[in-house]
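J.: Let me begin by handing over the structure; questions about it come next.
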Amino acid sequence: MTRVGGRWRVTRPWPDRLRPFVHSYAGYWESALTPYRVRLVPTGRAVVVINLGEPFTQVRRLGDDPGTHGLVTGSLVAGLEDGPRVCDHPGGQEAIRLELTPLGAYRLVALPMSELTNRVVGLRDVLGPGAGTLTEQLAGTADWGARFDLLDTALSARIERGPDPAPEVSHAWQLLSRAGGAIPVGRIAAEVGWSQGHLIRRFTEQVGLTPKMSARVLRFHRAARLLTREDVNLTEVTAACGFYDQAHLNREFRALAGTTPGRMAVARVAEGALAL
């Protein structure tokens with residue numbers, strides 16, 4: 001259990017059977033009713049938020065008209081993103097947040113991940129009435145250990161009966177992830193034994209982004225992580241992540257996060273969120 005800004009965060013190791021599919025999960029709660037806004041940046045992961053308290057007042061893509069595209073919701077699923085999203089909350093949050101690998105999310109939601117790309121949808125709309133029952137059970141359980149037991153059981157059951165991603169797509173994602181996005185799509189296609197066109201179609205269906213965009217997101221995410229280290233400089237990050245030059249680095253940060261590397265370096269970044 002740790003304190004993150006104005007809220008508490010609690011987590012524990014999740015079962016081995018979930019490790020190929022779940023990147024992280026944690027519970028959050030705060031007693032202060034202090035409104036806040038965060039900007040979510042692409043991470044190459046899908047996100048599930050199980051709301052146990054006050055819902056978000058708005059979740060929207062940066063640049064969208066708040067009155068037209070805002071989403072007032074409690075529990076939600078967010079597919080992979082290729083740009084930033086703004087979330088407003090009135091304060092008093094209590095929730096469980098999960099980060100899933102793209103192929104873990106594919107098994108969980110049992111839908112083409114391309115249908116969730118750059119979208120946020122209600123949890124019940126994706127998982128059905130069982131999601132509402134699980135949320136009620138979690139909200140009615142005060143102990144976080146018991147909450148995580150319920151969550152592990154529900155996740156395992158849903159993922160185990162979910163669709164299997166194509167082995168070639170799984171291998172392609174592993175290649176991209178291990179390289180931090182710094183691997184050509186043609187090389188990936190040759191490695192898995194598919195044409196580039198077929199790889200792009202199947203990969204986009206099951207991951208949610210094209211291989212090229214996934215590579216951009218993973219490279220950006222690696223650079224963002226490196227920028228959190230002390231005494232790191234932009235020249236080192238540019239070279240380590242495979243950007244052509246600092247101008248290229250700046251353009252990618254503007255396109256994917258709506259900010260600059262320098263501003264992100266000094267911002268408080270937690271689980272893909274920048275405090276605004």
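Ordering of the structure tokens sets the chain letters (A, B, ...); residue numbers start at 1 within each chain; ligands are numbered from 1 in the order shown.
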Skip A:Gly53 itself and residues of its chain fewer than 6 positions away, then list as a PDB file with all heavy atoms, in the first residue's frame all residues within 10 Å of it, counting only C-alpha atoms.
T.:
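Saved to part_15.pdb:
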ATOM      1  N   TRP A  29      -8.146   4.681  -3.736  1.00  0.00           N
ATOM      2  CA  TRP A  29      -9.225   5.390  -3.050  1.00  0.00           C
ATOM      3  C   TRP A  29      -8.682   6.690  -2.464  1.00  0.00           C
ATOM      4  O   TRP A  29      -7.503   6.826  -2.184  1.00  0.00           O
ATOM      5  CB  TRP A  29      -9.872   4.532  -1.971  1.00  0.00           C
ATOM      6  CG  TRP A  29      -9.099   4.402  -0.688  1.00  0.00           C
ATOM      7  CD1 TRP A  29      -9.236   5.126   0.451  1.00  0.00           C
ATOM      8  CD2 TRP A  29      -8.057   3.461  -0.425  1.00  0.00           C
ATOM      9  NE1 TRP A  29      -8.356   4.708   1.409  1.00  0.00           N
ATOM     10  CE2 TRP A  29      -7.617   3.676   0.898  1.00  0.00           C
ATOM     11  CE3 TRP A  29      -7.445   2.444  -1.174  1.00  0.00           C
ATOM     12  CZ2 TRP A  29      -6.605   2.927   1.488  1.00  0.00           C
ATOM     13  CZ3 TRP A  29      -6.433   1.704  -0.582  1.00  0.00           C
ATOM     14  CH2 TRP A  29      -6.031   1.950   0.722  1.00  0.00           C
ATOM     15  N   GLU A  30      -9.554   7.637  -2.333  1.00  0.00           N
ATOM     16  CA  GLU A  30      -9.194   8.931  -1.760  1.00  0.00           C
ATOM     17  C   GLU A  30     -10.380   9.447  -0.956  1.00  0.00           C
ATOM     18  O   GLU A  30     -11.538   9.257  -1.330  1.00  0.00           O
ATOM     19  CB  GLU A  30      -8.811   9.929  -2.848  1.00  0.00           C
ATOM     20  CG  GLU A  30      -9.866  10.136  -3.908  1.00  0.00           C
ATOM     21  CD  GLU A  30      -9.416  11.058  -5.037  1.00  0.00           C
ATOM     22  OE1 GLU A  30      -8.277  11.523  -5.000  1.00  0.00           O
ATOM     23  OE2 GLU A  30     -10.227  11.306  -5.936  1.00  0.00           O
ATOM     24  N   GLY A  74     -19.035   5.030 -15.202  1.00  0.00           N
ATOM     25  CA  GLY A  74     -18.423   4.460 -14.017  1.00  0.00           C
ATOM     26  C   GLY A  74     -17.345   3.487 -14.437  1.00  0.00           C
ATOM     27  O   GLY A  74     -16.223   3.871 -14.738  1.00  0.00           O
ATOM     28  N   SER A  75     -17.679   2.211 -14.543  1.00  0.00           N
ATOM     29  CA  SER A  75     -16.705   1.212 -14.965  1.00  0.00           C
ATOM     30  C   SER A  75     -16.563   1.238 -16.483  1.00  0.00           C
ATOM     31  O   SER A  75     -17.537   1.435 -17.205  1.00  0.00           O
ATOM     32  CB  SER A  75     -17.162  -0.174 -14.495  1.00  0.00           C
ATOM     33  OG  SER A  75     -17.293  -0.201 -13.080  1.00  0.00           O
ATOM     34  N   GLY A  91     -13.492  13.803  -7.655  1.00  0.00           N
ATOM     35  CA  GLY A  91     -12.854  13.508  -6.379  1.00  0.00           C
ATOM     36  C   GLY A  91     -13.601  12.428  -5.622  1.00  0.00           C
ATOM     37  O   GLY A  91     -14.727  12.051  -5.971  1.00  0.00           O
ATOM     38  N   GLY A  92     -12.966  11.903  -4.583  1.00  0.00           N
ATOM     39  CA  GLY A  92     -13.574  10.816  -3.839  1.00  0.00           C
ATOM     40  C   GLY A  92     -13.567   9.508  -4.597  1.00  0.00           C
ATOM     41  O   GLY A  92     -14.478   8.696  -4.464  1.00  0.00           O
ATOM     42  N   GLN A  93     -12.521   9.276  -5.365  1.00  0.00           N
ATOM     43  CA  GLN A  93     -12.464   8.086  -6.207  1.00  0.00           C
ATOM     44  C   GLN A  93     -12.214   6.829  -5.381  1.00  0.00           C
ATOM     45  O   GLN A  93     -11.439   6.820  -4.434  1.00  0.00           O
ATOM     46  CB  GLN A  93     -11.367   8.219  -7.251  1.00  0.00           C
ATOM     47  CG  GLN A  93     -11.305   7.050  -8.234  1.00  0.00           C
ATOM     48  CD  GLN A  93     -10.177   7.174  -9.236  1.00  0.00           C
ATOM     49  OE1 GLN A  93      -9.080   7.574  -8.881  1.00  0.00           O
ATOM     50  NE2 GLN A  93     -10.447   6.849 -10.490  1.00  0.00           N
ATOM     51  N   GLU A  94     -12.872   5.746  -5.769  1.00  0.00           N
ATOM     52  CA  GLU A  94     -12.571   4.404  -5.283  1.00  0.00           C
ATOM     53  C   GLU A  94     -12.764   3.467  -6.458  1.00  0.00           C
ATOM     54  O   GLU A  94     -13.866   3.367  -7.011  1.00  0.00           O
ATOM     55  CB  GLU A  94     -13.464   4.005  -4.115  1.00  0.00           C
ATOM     56  CG  GLU A  94     -13.082   2.658  -3.513  1.00  0.00           C
ATOM     57  CD  GLU A  94     -13.844   2.328  -2.246  1.00  0.00           C
ATOM     58  OE1 GLU A  94     -14.726   3.115  -1.864  1.00  0.00           O
ATOM     59  OE2 GLU A  94     -13.558   1.268  -1.652  1.00  0.00           O
ATOM     60  N   ALA A  95     -11.695   2.809  -6.872  1.00  0.00           N
ATOM     61  CA  ALA A  95     -11.764   2.024  -8.107  1.00  0.00           C
ATOM     62  C   ALA A  95     -10.643   0.998  -8.134  1.00  0.00           C
ATOM     63  O   ALA A  95      -9.681   1.066  -7.365  1.00  0.00           O
ATOM     64  CB  ALA A  95     -11.672   2.939  -9.326  1.00  0.00           C
ATOM     65  N   ALA A 139     -17.768  -3.818  -4.590  1.00  0.00           N
ATOM     66  CA  ALA A 139     -18.152  -2.650  -3.799  1.00  0.00           C
ATOM     67  C   ALA A 139     -18.651  -3.053  -2.416  1.00  0.00           C
ATOM     68  O   ALA A 139     -18.478  -2.305  -1.442  1.00  0.00           O
ATOM     69  CB  ALA A 139     -19.220  -1.847  -4.535  1.00  0.00           C
TER      70      ALA A 139
END
J.: Hey, which bits of stretch 111-133 of chain A sit within 8 Å of stretch 99-107 of chain A, and for each residue what's the closest pair of atoms and how far apart in Å (one decimal), counting only C-alpha atoms, rows by chain and increasing number, as JSON lines?
T.:
{"residue": "A:Leu111", "atom": "CA", "partner": "A:Tyr106", "partner_atom": "CA", "distance": 6.3}
{"residue": "A:Pro112", "atom": "CA", "partner": "A:Tyr106", "partner_atom": "CA", "distance": 6.7}
{"residue": "A:Met113", "atom": "CA", "partner": "A:Tyr106", "partner_atom": "CA", "distance": 5.9}
J.: Excluding A:Ala190 and its own-chain neighbours fewer than 6 positions away, which residues fall within 12 Å of it when counting only C-alpha atoms? Please give them as an mmCIF file with C-alpha atoms, in the first residue's frame.
T.:
data_model
loop_
_atom_site.group_PDB
_atom_site.id
_atom_site.type_symbol
_atom_site.label_atom_id
_atom_site.label_comp_id
_atom_site.auth_asym_id
_atom_site.auth_seq_id
_atom_site.Cartn_x
_atom_site.Cartn_y
_atom_site.Cartn_z
ATOM 1 C CA GLU A 168 1.803 -15.469 -35.420
ATOM 2 C CA HIS A 171 4.943 -13.756 -31.789
ATOM 3 C CA ALA A 172 4.757 -10.480 -33.695
ATOM 4 C CA LEU A 175 9.019 -9.142 -31.164
ATOM 5 C CA ILE A 183 12.064 -3.371 -35.484
ATOM 6 C CA PRO A 184 10.844 -3.074 -39.110
ATOM 7 C CA GLN A 196 3.052 -7.862 -44.670
ATOM 8 C CA GLY A 197 -0.533 -7.321 -45.785
ATOM 9 C CA HIS A 198 -1.820 -10.402 -43.986
ATOM 10 C CA LEU A 199 0.183 -9.540 -40.868
#
J.: As JSON, numbers by chain, please: every residue in stretch 13-242 of chain A that DSSP puts in helix (DSSP H, G or I).
T.: {"A": [16, 17, 18, 66, 67, 68, 69, 102, 103, 104, 105, 106, 107, 108, 109, 113, 114, 115, 116, 123, 124, 125, 126, 127, 129, 130, 131, 132, 133, 134, 135, 136, 137, 138, 139, 144, 145, 146, 147, 148, 149, 150, 151, 152, 153, 154, 155, 156, 157, 158, 159, 160, 167, 168, 169, 170, 171, 172, 173, 174, 175, 176, 177, 178, 185, 186, 187, 188, 189, 190, 191, 192, 196, 197, 198, 199, 200, 201, 202, 203, 204, 205, 206, 207, 211, 212, 213, 214, 215, 216, 217, 218, 219, 220, 221, 222, 223, 224, 225, 226, 234, 235, 236, 237, 238, 239, 240, 241]}
J.: Distance atom CA of A:Glu136-atom CA of A:Leu52, one decimal place?
T.: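 Between these atoms lies a distance of 8.1 Å.
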J.: List the neighbours of A:Pro13 out to 12 Å using only C-alpha atoms; skip same-chain residues closer than 6 positions along the sequence, and give me the result as an MDAnalysis selection string.
T.: chainID A and resid 19 22:26 145 148:149 152
J.: Where in stretch 64-267 of chain A does DSSP assign strand (DSSP E or B), given as a PyMOL selection string?
T.: chain A and resi 73+76-78+85-89+94-100+120-122
J.: Could you list, as an MDAnalysis selection string, every residue within 8 Å of stretch 208-224 of chain A, counting only C-alpha atoms and ignoring same-chain residues fewer than 2 positions away?
T.: chainID A and resid 42:44 79:82 102 112:117 176:177 180:183 185 200:201 203:206 226:228 237:238 241:242 252:253 256 261 264:265
J.: Could you write out that same residue set with C-alpha atoms as a compact mmCIF listing (two decimals), in the first residue's frame?
T.:
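Output (out13.txt):
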# COMPACT_ATOMS: atom_id res chain seq x y z
CA PRO A 42 -0.59 5.77 -25.08
CA THR A 43 1.11 2.84 -23.37
CA GLY A 44 0.47 -0.10 -25.70
CA GLY A 79 -8.75 -0.08 -26.05
CA LEU A 80 -5.30 0.79 -27.34
CA GLU A 81 -4.77 4.45 -28.15
CA ASP A 82 -2.67 6.35 -30.66
CA PRO A 102 -3.43 -6.31 -26.00
CA PRO A 112 -11.83 -7.79 -32.29
CA MET A 113 -9.63 -5.27 -30.50
CA SER A 114 -9.91 -3.04 -33.57
CA GLU A 115 -13.50 -2.32 -32.42
CA LEU A 116 -12.11 -0.71 -29.25
CA THR A 117 -9.23 1.25 -30.79
CA LEU A 176 7.74 -5.58 -31.11
CA SER A 177 7.58 -5.41 -27.32
CA GLY A 180 10.65 -1.38 -27.82
CA GLY A 181 9.14 -0.81 -31.25
CA ALA A 182 12.54 -0.60 -32.94
CA ILE A 183 12.06 -3.37 -35.48
CA VAL A 185 7.44 -4.52 -39.98
CA ILE A 200 -1.24 -6.02 -40.79
CA ARG A 201 -4.83 -7.26 -41.11
CA PHE A 203 -2.46 -7.98 -36.10
CA THR A 204 -4.74 -4.93 -36.24
CA GLU A 205 -7.80 -7.10 -35.61
CA GLN A 206 -6.37 -8.79 -32.52
CA LEU A 226 13.58 6.83 -19.74
CA LEU A 227 12.74 10.49 -19.23
CA THR A 228 11.69 9.74 -15.65
CA VAL A 237 16.87 9.04 -25.11
CA THR A 238 16.82 9.84 -28.83
CA CYS A 241 14.90 4.56 -28.60
CA GLY A 242 15.82 4.73 -32.27
CA GLU A 252 6.27 11.94 -31.83
CA PHE A 253 5.65 13.33 -28.35
CA LEU A 256 1.06 10.83 -29.26
CA PRO A 261 9.60 15.50 -23.95
CA MET A 264 6.76 15.17 -19.72
CA ALA A 265 10.10 14.78 -17.98
J.: Excluding A:Pro84 and residues on its chain fewer than 4 positions from it, collect all residues at most 10 Å away from it, counting only C-alpha atoms, and give them as a PyMOL selection string.
T.: chain A and resi 39-42+60-63+118+254-259+272-273
J.: Mind giving me the straight-line distance from atom CA of A:Phe56 to atom CA of A:Gly132 in Å, one decimal?
T.: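 Between atom CA of A:Phe56 and atom CA of A:Gly132 the gap is 16.9 Å.
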J.: Compile the contact shell of stretch 160-163 of chain A as a list in words: residues with an atom at most 9 Å away, counting only C-alpha atoms, same-chain residues fewer than 2 positions apart removed.
T.: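 Result of the neighbour search: Tyr106, Arg107, Leu108, Val109, Ala110, Leu111, Leu155, Ser156, Ala157, Arg158 and Pro165 of chain A.
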J.: Could you check the closest approach to A:Val126 for each of A:Leu249, A:Val48, A:Leu18, A:Val10 and tell me which residue wins, using only C-alpha atoms?
T.: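 Checking each candidate against A:Val126, we get A:Val48 as the closest.
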J.: For a test of reading the model, state the distance in Å between atom CA of A:Val232 and atom CA of A:Arg263, rounded to one decimal.
T.: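 Interatomic distance, atom CA of A:Val232 to atom CA of A:Arg263: 13.9 Å.
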J.: Which one is closest to A:Trp173: A:Arg45, A:Arg147, A:Arg3, A:Arg85? Count only C-alpha atoms.
T.: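 The answer is A:Arg45, which sits nearest to A:Trp173.
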J.: Identify which of the residues A:Leu151, A:Val86, A:Leu76, A:Val4 lies closest to A:Arg124, counting only C-alpha atoms when measuring atom-to-atom distances.
T.: A:Leu76
